[in-house]
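Asker: Here's a structure for you.
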Amino acid sequence: MESLPRDPDTSLLDSTQAEDKDKCILSSDTFCLSPSLLEQKTLPVDEKSPKSPKNPRGRFDPYDSSEEYVGVVTLPIQVRQKAVKKGFVFNLMVVGESGLGKSTLVNSLFLTNLYMDRCIPDVSEKIAQTVSITKSTIDIVEEGVNLRLTVIDTPGFGDAINNNESWKAAVHYVDQQMEKYRRDEIGLNRKNITDNRVHCCLYFISPHGHGLKPIDVNFMKALDQKVNIVPVLAKADSLTPKETRNMKAKILTEIDKYKIKIFQVPECDTNNNDPFRQQDLELKRSIPFAVIGSNTLVERDSRRVRARVYPWGIVEVENPSHSDFVHLRNMLIRTHMQDLKHSTHHVLYENYRINCLCKNLCLQ
Ligand code: GDP
């Protein structure tokens, strides 16, 4: 049996990050190389070596003994290969009152139709309904990289006449997954743990109120120590730009007032002029993301785009001047998925585990 707990970080390393690290090493590792190789490395790619273009493994062929390098430069490549082979997992919870556009947004984000078999209850059913949890899983494959995405929905949230305890089902589910992971980790087969923990919770806020409602505060307060909450302002096309700005400011003030902990995008390590840093700043400024969802494809400038068509014009989902959809998608999938998973494992799950240990000690 292995003596160390599995470190999900290595297995979770995002392929793009691995690639970035790879690029980074290529440009910064020259200090430890022999002068001849140093010279070789600074040459443009096509002038490097006559055999490079023919070599399918590129410059860092591990079996090419003629290369004068130790080989540590291939470590990110090894990590990437392992991670890609294993595949990636991401569990996303979406919460908000029904009709706020959750299913439409999820479909727009992952270019899929996750809610084909969904049946919407009528009003009498809704009154009697309690909050339930449903899960839909799909495999998304892009250029050999496989992401198993599970979307956890909470139908019935906010539908009852008394919504004081609407948050309980979600808290129960999140705790259950943490507990399952903890048990698996101390069990016999911890090499093959399936990670069902919720890595992110998109919390949908209605655009029609004046900031947060009691149900929003209750939910976020109940879950903010257990899951990474990302607040989104739903159906942003129903607000003018000024109203959107005011609503966002109000939501942030209330989040601060009620001391709700939302997911903090980590600081970018690069320098001020780096375009990534600028993108990161823009992304941070967009929170809470004012989003628009649509499953309708419209022809625009000979492109097919997701949009909402109104008598007065067309609202494009991916147009940054129409909504923050692109920022949300970038954060969730392209730039910070690993941070969300890292925070789940190293902060939220760690807190859960420590609490369990403390409880057990007290009992003893
Ligand atoms: P859910 O119950 O929260 O999953 O909401 P749905 O995704 O089923 O959407 C409910 C209704 O709102 C549908 O008629 C959608 O077409 C519409 N809708 C979804 N997203 C948006 C949006 O961004 N803006 C507007 N105006 N309507 C939307």
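We label chains A, B, ... in the order they appear in the structure tokens, count residues from 1 in each chain, and number ligands from 1 in the order shown.
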How would you report the residues lying within 6 Å of ligand 1, as a tab-separated table (two decimals) with N, CA and C atoms, in the first residue's frame, if you count only C-alpha atoms and all ligand atoms?
Answerer:
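Output file out_12.tsv follows:
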```
chain	number	residue	atom	x	y	z
A	98	SER	N	-35.49	29.01	-10.30
A	98	SER	CA	-35.73	28.48	-11.64
A	98	SER	C	-36.14	29.61	-12.58
A	99	GLY	N	-35.75	29.45	-13.84
A	99	GLY	CA	-36.06	30.46	-14.85
A	99	GLY	C	-35.00	31.53	-14.99
A	100	LEU	N	-33.89	31.42	-14.23
A	100	LEU	CA	-32.86	32.44	-14.33
A	100	LEU	C	-31.85	32.17	-15.47
A	101	GLY	N	-32.07	31.09	-16.19
A	101	GLY	CA	-31.21	30.82	-17.36
A	101	GLY	C	-30.02	29.92	-17.05
A	102	LYS	N	-30.12	29.09	-16.02
A	102	LYS	CA	-28.98	28.22	-15.64
A	102	LYS	C	-28.69	27.19	-16.73
A	103	SER	N	-29.75	26.47	-17.14
A	103	SER	CA	-29.51	25.42	-18.15
A	103	SER	C	-29.03	26.03	-19.45
A	104	THR	N	-29.61	27.15	-19.84
A	104	THR	CA	-29.20	27.78	-21.10
A	104	THR	C	-27.73	28.19	-21.02
A	235	LYS	N	-29.25	36.80	-16.83
A	235	LYS	CA	-30.05	37.52	-17.84
A	235	LYS	C	-29.69	39.00	-17.93
A	237	ASP	N	-29.05	40.82	-20.22
A	237	ASP	CA	-29.62	41.61	-21.33
A	237	ASP	C	-30.88	42.34	-20.91
A	238	SER	N	-31.40	42.03	-19.72
A	238	SER	CA	-32.58	42.77	-19.28
A	238	SER	C	-32.21	44.04	-18.51
A	292	ILE	N	-25.23	36.29	-20.24
A	292	ILE	CA	-26.37	36.06	-21.13
A	292	ILE	C	-26.19	34.66	-21.71
A	293	GLY	N	-27.27	33.92	-21.80
A	293	GLY	CA	-27.16	32.59	-22.41
A	293	GLY	C	-28.12	32.47	-23.58
A	294	SER	N	-27.78	31.64	-24.53
A	294	SER	CA	-28.69	31.37	-25.64
A	294	SER	C	-28.30	30.08	-26.33
```
Asker: In Å, with one decimal, what is the gap from atom CA of A:Lys359 to atom CA of A:Ile186?
Answerer: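 Answer for the atom CA of A:Lys359 to atom CA of A:Ile186 separation: 16.6 Å.
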Asker: Leaving out A:Ala249 and any residue of its chain fewer than 3 positions from it, which residues lie within 12 Å of it when counting only C-alpha atoms, given as a PyMOL selection string?
Answerer: chain A and resi 210-212+233+242-246+252-256+285-290
Asker: I'd like to know which of A:Ser108, A:Ser132, A:Asn192, A:Thr335 is closest to A:Ala169, using only C-alpha atoms.
Answerer: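 Looking only at the distances to A:Ala169, the closest residue turns out to be A:Ser132.
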Asker: Counting only C-alpha atoms, what is within 12 Å of stretch 329-334 of chain A, bar same-chain residues fewer than 6 positions away, as a short mmCIF file (atom, residue, chain, number, x, y, z; two decimals) with all heavy atoms, in the first residue's frame?
Answerer:
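The new file selection.cif reads:
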```
data_model
loop_
_atom_site.label_atom_id
_atom_site.label_comp_id
_atom_site.auth_asym_id
_atom_site.auth_seq_id
_atom_site.Cartn_x
_atom_site.Cartn_y
_atom_site.Cartn_z
N ASP A 14 -3.39 21.03 -15.87
CA ASP A 14 -4.08 21.36 -17.10
C ASP A 14 -3.11 21.28 -18.26
O ASP A 14 -1.97 21.69 -18.16
CB ASP A 14 -4.61 22.79 -16.96
CG ASP A 14 -5.42 23.17 -18.15
OD1 ASP A 14 -4.85 23.66 -19.11
OD2 ASP A 14 -6.62 22.95 -18.09
N SER A 15 -3.60 20.76 -19.37
CA SER A 15 -2.71 20.58 -20.51
C SER A 15 -2.15 21.91 -20.98
O SER A 15 -0.98 22.01 -21.32
CB SER A 15 -3.46 19.90 -21.62
OG SER A 15 -4.65 20.59 -21.87
N THR A 16 -2.98 22.96 -20.98
CA THR A 16 -2.48 24.23 -21.48
C THR A 16 -1.43 24.78 -20.54
O THR A 16 -0.44 25.35 -20.96
CB THR A 16 -3.62 25.26 -21.59
OG1 THR A 16 -4.35 25.20 -20.38
CG2 THR A 16 -4.48 24.99 -22.78
N GLN A 17 -1.65 24.58 -19.20
CA GLN A 17 -0.65 25.06 -18.25
C GLN A 17 0.64 24.32 -18.47
O GLN A 17 1.71 24.90 -18.45
CB GLN A 17 -1.13 24.83 -16.83
CG GLN A 17 -2.13 25.88 -16.40
CD GLN A 17 -2.64 25.57 -15.02
OE1 GLN A 17 -2.42 24.47 -14.49
NE2 GLN A 17 -3.29 26.52 -14.41
N PHE A 88 -9.36 14.55 -17.42
CA PHE A 88 -9.65 15.57 -16.41
C PHE A 88 -11.10 15.46 -15.95
O PHE A 88 -11.95 14.98 -16.70
CB PHE A 88 -9.39 16.96 -16.99
CG PHE A 88 -7.96 17.17 -17.40
CD1 PHE A 88 -7.52 16.74 -18.64
CD2 PHE A 88 -7.06 17.76 -16.55
CE1 PHE A 88 -6.20 16.91 -19.03
CE2 PHE A 88 -5.73 17.93 -16.92
CZ PHE A 88 -5.31 17.51 -18.16
N VAL A 89 -11.31 15.90 -14.73
CA VAL A 89 -12.66 15.84 -14.16
C VAL A 89 -13.01 17.22 -13.64
O VAL A 89 -12.16 17.89 -13.06
CB VAL A 89 -12.67 14.83 -12.98
CG1 VAL A 89 -13.96 14.90 -12.21
CG2 VAL A 89 -12.44 13.42 -13.47
N PHE A 90 -14.23 17.66 -13.88
CA PHE A 90 -14.64 18.94 -13.30
C PHE A 90 -16.10 18.84 -12.90
O PHE A 90 -16.95 18.43 -13.70
CB PHE A 90 -14.44 20.08 -14.31
CG PHE A 90 -14.63 21.44 -13.72
CD1 PHE A 90 -13.78 21.91 -12.71
CD2 PHE A 90 -15.65 22.27 -14.15
CE1 PHE A 90 -13.95 23.16 -12.16
CE2 PHE A 90 -15.83 23.54 -13.60
CZ PHE A 90 -14.97 23.97 -12.61
N ASN A 91 -16.38 19.20 -11.66
CA ASN A 91 -17.76 19.11 -11.15
C ASN A 91 -18.28 20.51 -10.84
O ASN A 91 -17.72 21.21 -9.99
CB ASN A 91 -17.79 18.25 -9.88
CG ASN A 91 -17.22 16.87 -10.13
OD1 ASN A 91 -17.44 16.29 -11.20
ND2 ASN A 91 -16.46 16.33 -9.19
N LEU A 92 -19.30 20.88 -11.56
CA LEU A 92 -19.82 22.24 -11.47
C LEU A 92 -21.25 22.21 -10.94
O LEU A 92 -22.10 21.50 -11.48
CB LEU A 92 -19.81 22.87 -12.88
CG LEU A 92 -20.42 24.24 -13.03
CD1 LEU A 92 -19.54 25.30 -12.37
CD2 LEU A 92 -20.58 24.57 -14.52
N LEU A 105 -27.32 28.72 -19.88
CA LEU A 105 -25.93 29.16 -19.76
C LEU A 105 -24.95 27.99 -19.78
O LEU A 105 -23.91 28.05 -20.44
CB LEU A 105 -25.72 29.98 -18.47
CG LEU A 105 -24.35 30.63 -18.44
CD1 LEU A 105 -24.36 31.96 -19.18
CD2 LEU A 105 -23.80 30.81 -17.06
N VAL A 106 -25.32 26.91 -19.09
CA VAL A 106 -24.43 25.74 -19.07
C VAL A 106 -24.27 25.19 -20.49
O VAL A 106 -23.16 24.89 -20.94
CB VAL A 106 -24.96 24.66 -18.10
CG1 VAL A 106 -24.26 23.34 -18.31
CG2 VAL A 106 -24.80 25.12 -16.66
N ASN A 107 -25.38 25.12 -21.21
CA ASN A 107 -25.30 24.65 -22.60
C ASN A 107 -24.44 25.58 -23.45
O ASN A 107 -23.66 25.14 -24.29
CB ASN A 107 -26.70 24.55 -23.21
CG ASN A 107 -27.45 23.35 -22.65
OD1 ASN A 107 -26.85 22.44 -22.10
ND2 ASN A 107 -28.76 23.36 -22.77
N SER A 108 -24.57 26.89 -23.21
CA SER A 108 -23.76 27.85 -23.98
C SER A 108 -22.29 27.73 -23.63
O SER A 108 -21.42 27.83 -24.49
CB SER A 108 -24.21 29.29 -23.70
OG SER A 108 -25.58 29.43 -23.83
N LEU A 109 -22.00 27.49 -22.34
CA LEU A 109 -20.60 27.41 -21.90
C LEU A 109 -19.88 26.21 -22.51
O LEU A 109 -18.75 26.30 -22.95
CB LEU A 109 -20.53 27.28 -20.37
CG LEU A 109 -20.66 28.54 -19.53
CD1 LEU A 109 -20.77 28.17 -18.06
CD2 LEU A 109 -19.46 29.46 -19.73
N PHE A 110 -20.57 25.07 -22.51
CA PHE A 110 -19.89 23.84 -22.92
C PHE A 110 -20.35 23.36 -24.30
O PHE A 110 -20.04 22.24 -24.69
CB PHE A 110 -20.11 22.75 -21.85
CG PHE A 110 -19.49 23.13 -20.55
CD1 PHE A 110 -20.24 23.67 -19.52
CD2 PHE A 110 -18.12 23.00 -20.35
CE1 PHE A 110 -19.66 24.05 -18.32
CE2 PHE A 110 -17.54 23.36 -19.15
CZ PHE A 110 -18.30 23.89 -18.13
N LEU A 111 -21.06 24.22 -25.02
CA LEU A 111 -21.52 23.92 -26.39
C LEU A 111 -22.16 22.54 -26.46
O LEU A 111 -21.75 21.69 -27.23
CB LEU A 111 -20.35 24.02 -27.39
CG LEU A 111 -19.57 25.32 -27.38
CD1 LEU A 111 -18.41 25.25 -28.35
CD2 LEU A 111 -20.47 26.50 -27.73
N ILE A 140 -16.21 15.70 -22.68
CA ILE A 140 -15.88 16.65 -23.75
C ILE A 140 -14.47 16.33 -24.21
O ILE A 140 -13.54 16.31 -23.39
CB ILE A 140 -15.97 18.11 -23.23
CG1 ILE A 140 -17.38 18.38 -22.72
CG2 ILE A 140 -15.57 19.10 -24.29
CD1 ILE A 140 -17.55 19.71 -22.02
N LEU A 147 -12.27 15.84 -20.99
CA LEU A 147 -12.78 16.41 -19.74
C LEU A 147 -14.11 15.75 -19.42
O LEU A 147 -15.04 15.78 -20.23
CB LEU A 147 -12.98 17.92 -19.87
CG LEU A 147 -13.68 18.56 -18.66
CD1 LEU A 147 -12.74 18.67 -17.47
CD2 LEU A 147 -14.23 19.94 -19.01
N LEU A 149 -17.15 16.24 -17.52
CA LEU A 149 -17.84 17.35 -16.85
C LEU A 149 -19.12 16.85 -16.21
O LEU A 149 -19.94 16.21 -16.86
CB LEU A 149 -18.18 18.44 -17.88
CG LEU A 149 -19.12 19.53 -17.39
CD1 LEU A 149 -18.40 20.49 -16.47
CD2 LEU A 149 -19.74 20.28 -18.56
N HIS A 199 -16.31 21.36 -7.47
CA HIS A 199 -15.16 22.26 -7.62
C HIS A 199 -15.56 23.72 -7.74
O HIS A 199 -14.75 24.61 -7.49
CB HIS A 199 -14.35 21.84 -8.86
CG HIS A 199 -13.84 20.43 -8.77
ND1 HIS A 199 -14.11 19.48 -9.69
CD2 HIS A 199 -13.09 19.81 -7.81
CE1 HIS A 199 -13.55 18.33 -9.36
NE2 HIS A 199 -12.93 18.51 -8.21
N CYS A 200 -16.77 23.93 -8.16
CA CYS A 200 -17.21 25.33 -8.31
C CYS A 200 -18.73 25.37 -8.24
O CYS A 200 -19.41 24.45 -8.70
CB CYS A 200 -16.73 25.85 -9.67
SG CYS A 200 -17.30 27.52 -10.03
N CYS A 201 -19.23 26.45 -7.67
CA CYS A 201 -20.69 26.64 -7.63
C CYS A 201 -21.01 27.98 -8.29
O CYS A 201 -20.61 29.03 -7.78
CB CYS A 201 -21.18 26.61 -6.18
SG CYS A 201 -22.89 27.12 -6.03
N LEU A 202 -21.70 27.90 -9.42
CA LEU A 202 -22.15 29.15 -10.06
C LEU A 202 -23.45 29.55 -9.39
O LEU A 202 -24.44 28.81 -9.48
CB LEU A 202 -22.42 28.93 -11.55
CG LEU A 202 -21.23 28.81 -12.50
CD1 LEU A 202 -21.75 28.75 -13.94
CD2 LEU A 202 -20.26 29.95 -12.34
N ASN A 228 -16.23 26.66 -3.77
CA ASN A 228 -15.84 27.92 -4.42
C ASN A 228 -17.08 28.54 -5.06
O ASN A 228 -17.57 28.02 -6.07
CB ASN A 228 -14.82 27.66 -5.52
CG ASN A 228 -13.52 27.14 -4.97
OD1 ASN A 228 -12.94 27.72 -4.06
ND2 ASN A 228 -13.04 26.04 -5.53
N ILE A 229 -17.56 29.64 -4.49
CA ILE A 229 -18.76 30.27 -5.05
C ILE A 229 -18.35 31.33 -6.07
O ILE A 229 -17.53 32.20 -5.78
CB ILE A 229 -19.63 30.90 -3.94
CG1 ILE A 229 -20.12 29.82 -2.98
CG2 ILE A 229 -20.80 31.68 -4.54
CD1 ILE A 229 -20.95 30.33 -1.82
N VAL A 230 -18.95 31.25 -7.25
CA VAL A 230 -18.74 32.29 -8.27
C VAL A 230 -20.11 32.91 -8.55
O VAL A 230 -20.99 32.26 -9.11
CB VAL A 230 -18.14 31.67 -9.57
CG1 VAL A 230 -18.07 32.72 -10.67
CG2 VAL A 230 -16.76 31.08 -9.29
N VAL A 232 -22.97 35.01 -10.34
CA VAL A 232 -23.25 35.56 -11.67
C VAL A 232 -24.58 36.31 -11.66
O VAL A 232 -25.53 35.91 -10.98
CB VAL A 232 -23.28 34.46 -12.77
CG1 VAL A 232 -21.97 33.76 -12.93
CG2 VAL A 232 -24.37 33.43 -12.54
N PHE A 263 -15.10 32.95 -4.50
CA PHE A 263 -13.82 32.49 -5.05
C PHE A 263 -12.98 33.69 -5.47
O PHE A 263 -13.45 34.58 -6.18
CB PHE A 263 -14.06 31.57 -6.25
CG PHE A 263 -12.78 31.16 -6.93
CD1 PHE A 263 -11.86 30.35 -6.28
CD2 PHE A 263 -12.50 31.59 -8.23
CE1 PHE A 263 -10.67 29.98 -6.91
CE2 PHE A 263 -11.33 31.21 -8.86
CZ PHE A 263 -10.41 30.41 -8.20
N GLN A 264 -11.74 33.72 -4.99
CA GLN A 264 -10.83 34.81 -5.34
C GLN A 264 -9.88 34.34 -6.43
O GLN A 264 -9.16 33.36 -6.24
CB GLN A 264 -10.01 35.24 -4.12
CG GLN A 264 -10.82 35.78 -2.96
CD GLN A 264 -11.56 37.07 -3.33
OE1 GLN A 264 -11.04 37.90 -4.06
NE2 GLN A 264 -12.79 37.19 -2.86
N VAL A 265 -9.90 35.05 -7.54
CA VAL A 265 -8.99 34.69 -8.63
C VAL A 265 -7.56 34.97 -8.14
O VAL A 265 -7.28 36.08 -7.68
CB VAL A 265 -9.31 35.53 -9.89
CG1 VAL A 265 -8.32 35.24 -11.00
CG2 VAL A 265 -10.73 35.26 -10.33
N PRO A 266 -6.67 33.98 -8.19
CA PRO A 266 -5.32 34.20 -7.66
C PRO A 266 -4.57 35.28 -8.43
O PRO A 266 -4.87 35.53 -9.60
CB PRO A 266 -4.63 32.84 -7.84
CG PRO A 266 -5.65 31.90 -8.27
CD PRO A 266 -6.84 32.64 -8.75
N PHE A 276 -1.47 38.64 -20.17
CA PHE A 276 -2.22 37.75 -19.27
C PHE A 276 -2.65 38.50 -18.02
O PHE A 276 -3.73 38.30 -17.49
CB PHE A 276 -1.36 36.55 -18.85
CG PHE A 276 -1.22 35.52 -19.93
CD1 PHE A 276 0.02 35.12 -20.36
CD2 PHE A 276 -2.35 34.97 -20.52
CE1 PHE A 276 0.15 34.18 -21.37
CE2 PHE A 276 -2.23 34.03 -21.52
CZ PHE A 276 -0.98 33.63 -21.96
N GLN A 279 -5.57 40.64 -18.81
CA GLN A 279 -6.79 39.81 -18.93
C GLN A 279 -7.30 39.41 -17.56
O GLN A 279 -8.49 39.41 -17.29
CB GLN A 279 -6.48 38.55 -19.74
CG GLN A 279 -6.45 38.79 -21.23
CD GLN A 279 -5.88 37.60 -21.98
OE1 GLN A 279 -5.67 36.53 -21.42
NE2 GLN A 279 -5.61 37.79 -23.25
N ASP A 280 -6.34 39.08 -16.69
CA ASP A 280 -6.70 38.68 -15.33
C ASP A 280 -7.38 39.82 -14.58
O ASP A 280 -8.36 39.62 -13.86
CB ASP A 280 -5.44 38.25 -14.59
CG ASP A 280 -5.50 36.80 -14.19
OD1 ASP A 280 -6.00 36.02 -15.01
OD2 ASP A 280 -5.07 36.47 -13.07
N LEU A 281 -6.82 41.04 -14.77
CA LEU A 281 -7.41 42.21 -14.11
C LEU A 281 -8.82 42.45 -14.61
O LEU A 281 -9.75 42.70 -13.82
CB LEU A 281 -6.55 43.45 -14.38
CG LEU A 281 -5.26 43.56 -13.56
CD1 LEU A 281 -4.47 44.78 -13.98
CD2 LEU A 281 -5.60 43.65 -12.07
N GLU A 282 -9.00 42.33 -15.92
CA GLU A 282 -10.32 42.52 -16.51
C GLU A 282 -11.31 41.50 -15.97
O GLU A 282 -12.45 41.81 -15.66
CB GLU A 282 -10.21 42.36 -18.02
CG GLU A 282 -10.68 43.59 -18.79
CD GLU A 282 -10.45 43.39 -20.26
OE1 GLU A 282 -11.35 42.85 -20.90
OE2 GLU A 282 -9.36 43.74 -20.74
N LEU A 283 -10.80 40.26 -15.86
CA LEU A 283 -11.63 39.17 -15.35
C LEU A 283 -12.07 39.47 -13.91
O LEU A 283 -13.23 39.32 -13.56
CB LEU A 283 -10.79 37.91 -15.42
CG LEU A 283 -11.45 36.57 -15.29
CD1 LEU A 283 -10.67 35.57 -16.12
CD2 LEU A 283 -11.48 36.10 -13.87
N LYS A 284 -11.10 39.93 -13.11
CA LYS A 284 -11.43 40.23 -11.71
C LYS A 284 -12.45 41.35 -11.61
O LYS A 284 -13.35 41.33 -10.79
CB LYS A 284 -10.17 40.63 -10.96
CG LYS A 284 -9.34 39.43 -10.56
CD LYS A 284 -8.14 39.85 -9.78
CE LYS A 284 -7.26 38.65 -9.55
NZ LYS A 284 -5.92 38.96 -9.14
N SER A 286 -14.74 41.99 -13.61
CA SER A 286 -16.07 41.59 -14.12
C SER A 286 -16.93 40.89 -13.07
O SER A 286 -18.11 40.66 -13.28
CB SER A 286 -15.92 40.62 -15.29
OG SER A 286 -15.04 41.10 -16.22
N ILE A 287 -16.33 40.50 -11.96
CA ILE A 287 -17.09 39.75 -10.94
C ILE A 287 -18.01 40.69 -10.17
O ILE A 287 -17.56 41.76 -9.76
CB ILE A 287 -16.10 39.04 -9.97
CG1 ILE A 287 -15.27 38.03 -10.77
CG2 ILE A 287 -16.82 38.36 -8.81
CD1 ILE A 287 -14.12 37.42 -10.01
N PHE A 289 -20.06 38.16 -12.64
CA PHE A 289 -20.19 38.16 -14.09
C PHE A 289 -21.64 38.38 -14.51
O PHE A 289 -22.52 37.64 -14.09
CB PHE A 289 -19.72 36.81 -14.64
CG PHE A 289 -18.29 36.50 -14.30
CD1 PHE A 289 -17.98 35.66 -13.23
CD2 PHE A 289 -17.26 37.04 -15.03
CE1 PHE A 289 -16.67 35.36 -12.91
CE2 PHE A 289 -15.94 36.74 -14.72
CZ PHE A 289 -15.64 35.91 -13.65
N ALA A 290 -21.83 39.42 -15.34
CA ALA A 290 -23.18 39.67 -15.87
C ALA A 290 -23.30 38.85 -17.15
O ALA A 290 -22.62 39.14 -18.14
CB ALA A 290 -23.35 41.15 -16.17
N VAL A 291 -24.11 37.80 -17.13
CA VAL A 291 -24.08 36.84 -18.24
C VAL A 291 -25.39 36.78 -19.04
O VAL A 291 -26.46 37.16 -18.55
CB VAL A 291 -23.75 35.41 -17.74
CG1 VAL A 291 -22.33 35.32 -17.26
CG2 VAL A 291 -24.72 34.96 -16.67
N ILE A 292 -25.23 36.29 -20.24
CA ILE A 292 -26.37 36.06 -21.13
C ILE A 292 -26.19 34.66 -21.71
O ILE A 292 -25.06 34.28 -22.03
CB ILE A 292 -26.37 37.09 -22.29
CG1 ILE A 292 -26.59 38.51 -21.75
CG2 ILE A 292 -27.43 36.76 -23.32
CD1 ILE A 292 -26.28 39.58 -22.75
N GLY A 293 -27.27 33.92 -21.80
CA GLY A 293 -27.16 32.59 -22.41
C GLY A 293 -28.12 32.47 -23.58
O GLY A 293 -29.14 33.16 -23.63
N VAL A 317 -23.97 36.47 -27.29
CA VAL A 317 -23.52 35.92 -26.01
C VAL A 317 -22.02 36.16 -25.79
O VAL A 317 -21.58 36.53 -24.71
CB VAL A 317 -23.84 34.39 -25.98
CG1 VAL A 317 -23.19 33.71 -24.80
CG2 VAL A 317 -25.34 34.17 -25.96
N GLU A 318 -21.24 35.98 -26.85
CA GLU A 318 -19.78 36.05 -26.68
C GLU A 318 -19.20 37.43 -26.98
O GLU A 318 -17.98 37.58 -27.08
CB GLU A 318 -19.11 35.01 -27.60
CG GLU A 318 -19.46 33.61 -27.17
CD GLU A 318 -18.65 32.56 -27.89
OE1 GLU A 318 -17.51 32.84 -28.27
OE2 GLU A 318 -19.18 31.46 -28.09
N PRO A 320 -17.98 40.77 -25.75
CA PRO A 320 -17.66 41.31 -24.42
C PRO A 320 -18.37 42.63 -24.13
O PRO A 320 -18.52 43.00 -22.96
CB PRO A 320 -16.15 41.51 -24.46
CG PRO A 320 -15.67 40.84 -25.68
CD PRO A 320 -16.82 40.64 -26.61
N SER A 323 -21.93 41.20 -22.78
CA SER A 323 -22.00 40.46 -21.50
C SER A 323 -20.62 39.99 -21.07
O SER A 323 -19.65 40.09 -21.83
CB SER A 323 -22.93 39.26 -21.63
OG SER A 323 -22.22 38.11 -22.03
N LEU A 340 -9.49 26.42 -9.35
CA LEU A 340 -10.73 26.04 -8.65
C LEU A 340 -10.56 24.66 -8.00
O LEU A 340 -10.95 24.43 -6.86
CB LEU A 340 -11.91 26.02 -9.63
CG LEU A 340 -12.42 27.39 -10.06
CD1 LEU A 340 -13.21 27.30 -11.36
CD2 LEU A 340 -13.28 28.01 -8.97
N LYS A 341 -9.91 23.75 -8.75
CA LYS A 341 -9.71 22.40 -8.22
C LYS A 341 -8.67 22.40 -7.11
O LYS A 341 -8.80 21.70 -6.10
CB LYS A 341 -9.29 21.46 -9.36
CG LYS A 341 -10.38 21.32 -10.41
CD LYS A 341 -9.98 20.42 -11.54
CE LYS A 341 -10.08 18.99 -11.12
NZ LYS A 341 -10.05 18.07 -12.28
#
```
Asker: Would you list the contacts of A:Val347 as a PyMOL selection string, taking every protein, DNA or RNA residue within 10 Å and counting only C-alpha atoms, but skipping same-chain residues closer than 4 positions in sequence?
Answerer: chain A and resi 225-228+341-343+351-353
Asker: Residues within 12 Å of A:Ile314, please, as a PyMOL selection string. Count only C-alpha atoms; anything in the same chain fewer than 5 positions from it doesn't count.
Answerer: chain A and resi 237+292+294+296-300+305-309+319+322
Asker: Identify, on the basis of only C-alpha atoms, every residue whose closest approach to A:Met93 does not exceed 6 Å; exclude the query and any residue fewer than 2 positions from it along the same chain; express the result as a list in words.
Answerer: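 So the residues in contact are Val151, Ile152, Asp153 and Cys201 of chain A.
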Asker: Report, in Å to a single decimal, how far apart atom CA of A:Asn113 and atom CA of A:Gln338 are.
Answerer: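 Distance reported for this atom pair: 24.2 Å.
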Asker: Name the closest residue to A:Asn163 among the candidates A:Gln364, A:Thr240, A:Asn218, A:Ser136; distances are taken between atoms, counting only C-alpha atoms.
Answerer: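 Checking each candidate against A:Asn163, we get A:Asn218 as the closest.
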Asker: Rank nothing, just name the residue among A:Glu143, A:Met337, A:Lys82, A:Tyr349 nearest to A:Lys180, using only C-alpha atoms.
Answerer: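 Of A:Glu143, A:Met337, A:Lys82, A:Tyr349, the one nearest A:Lys180 is A:Tyr349, counting only C-alpha atoms.
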Asker: As an exercise, work out the distance from atom CA of A:Thr150 to atom CA of A:Ile354 in Å and give it to one decimal place.
Answerer: 26.7 Å
Asker: So that I can check the secondary structure, give me every residue of stretch 216-249 of chain A assigned helix (DSSP H, G or I) by backbone DSSP, as an NGL selection string.
Answerer: :A and (216-223 or 236-238 or 241-249)
Asker: Pick from A:Tyr310, A:Phe219, A:Phe204, A:Tyr181: nearest to A:Gly96, with only C-alpha atoms counted?
Answerer: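 The closest residue to A:Gly96 is A:Phe204.
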Asker: As a PyMOL selection string, which residues of stretch 244-306 of chain A does DSSP assign to strand (DSSP E)?
Answerer: chain A and resi 289-290+297-300+303-306
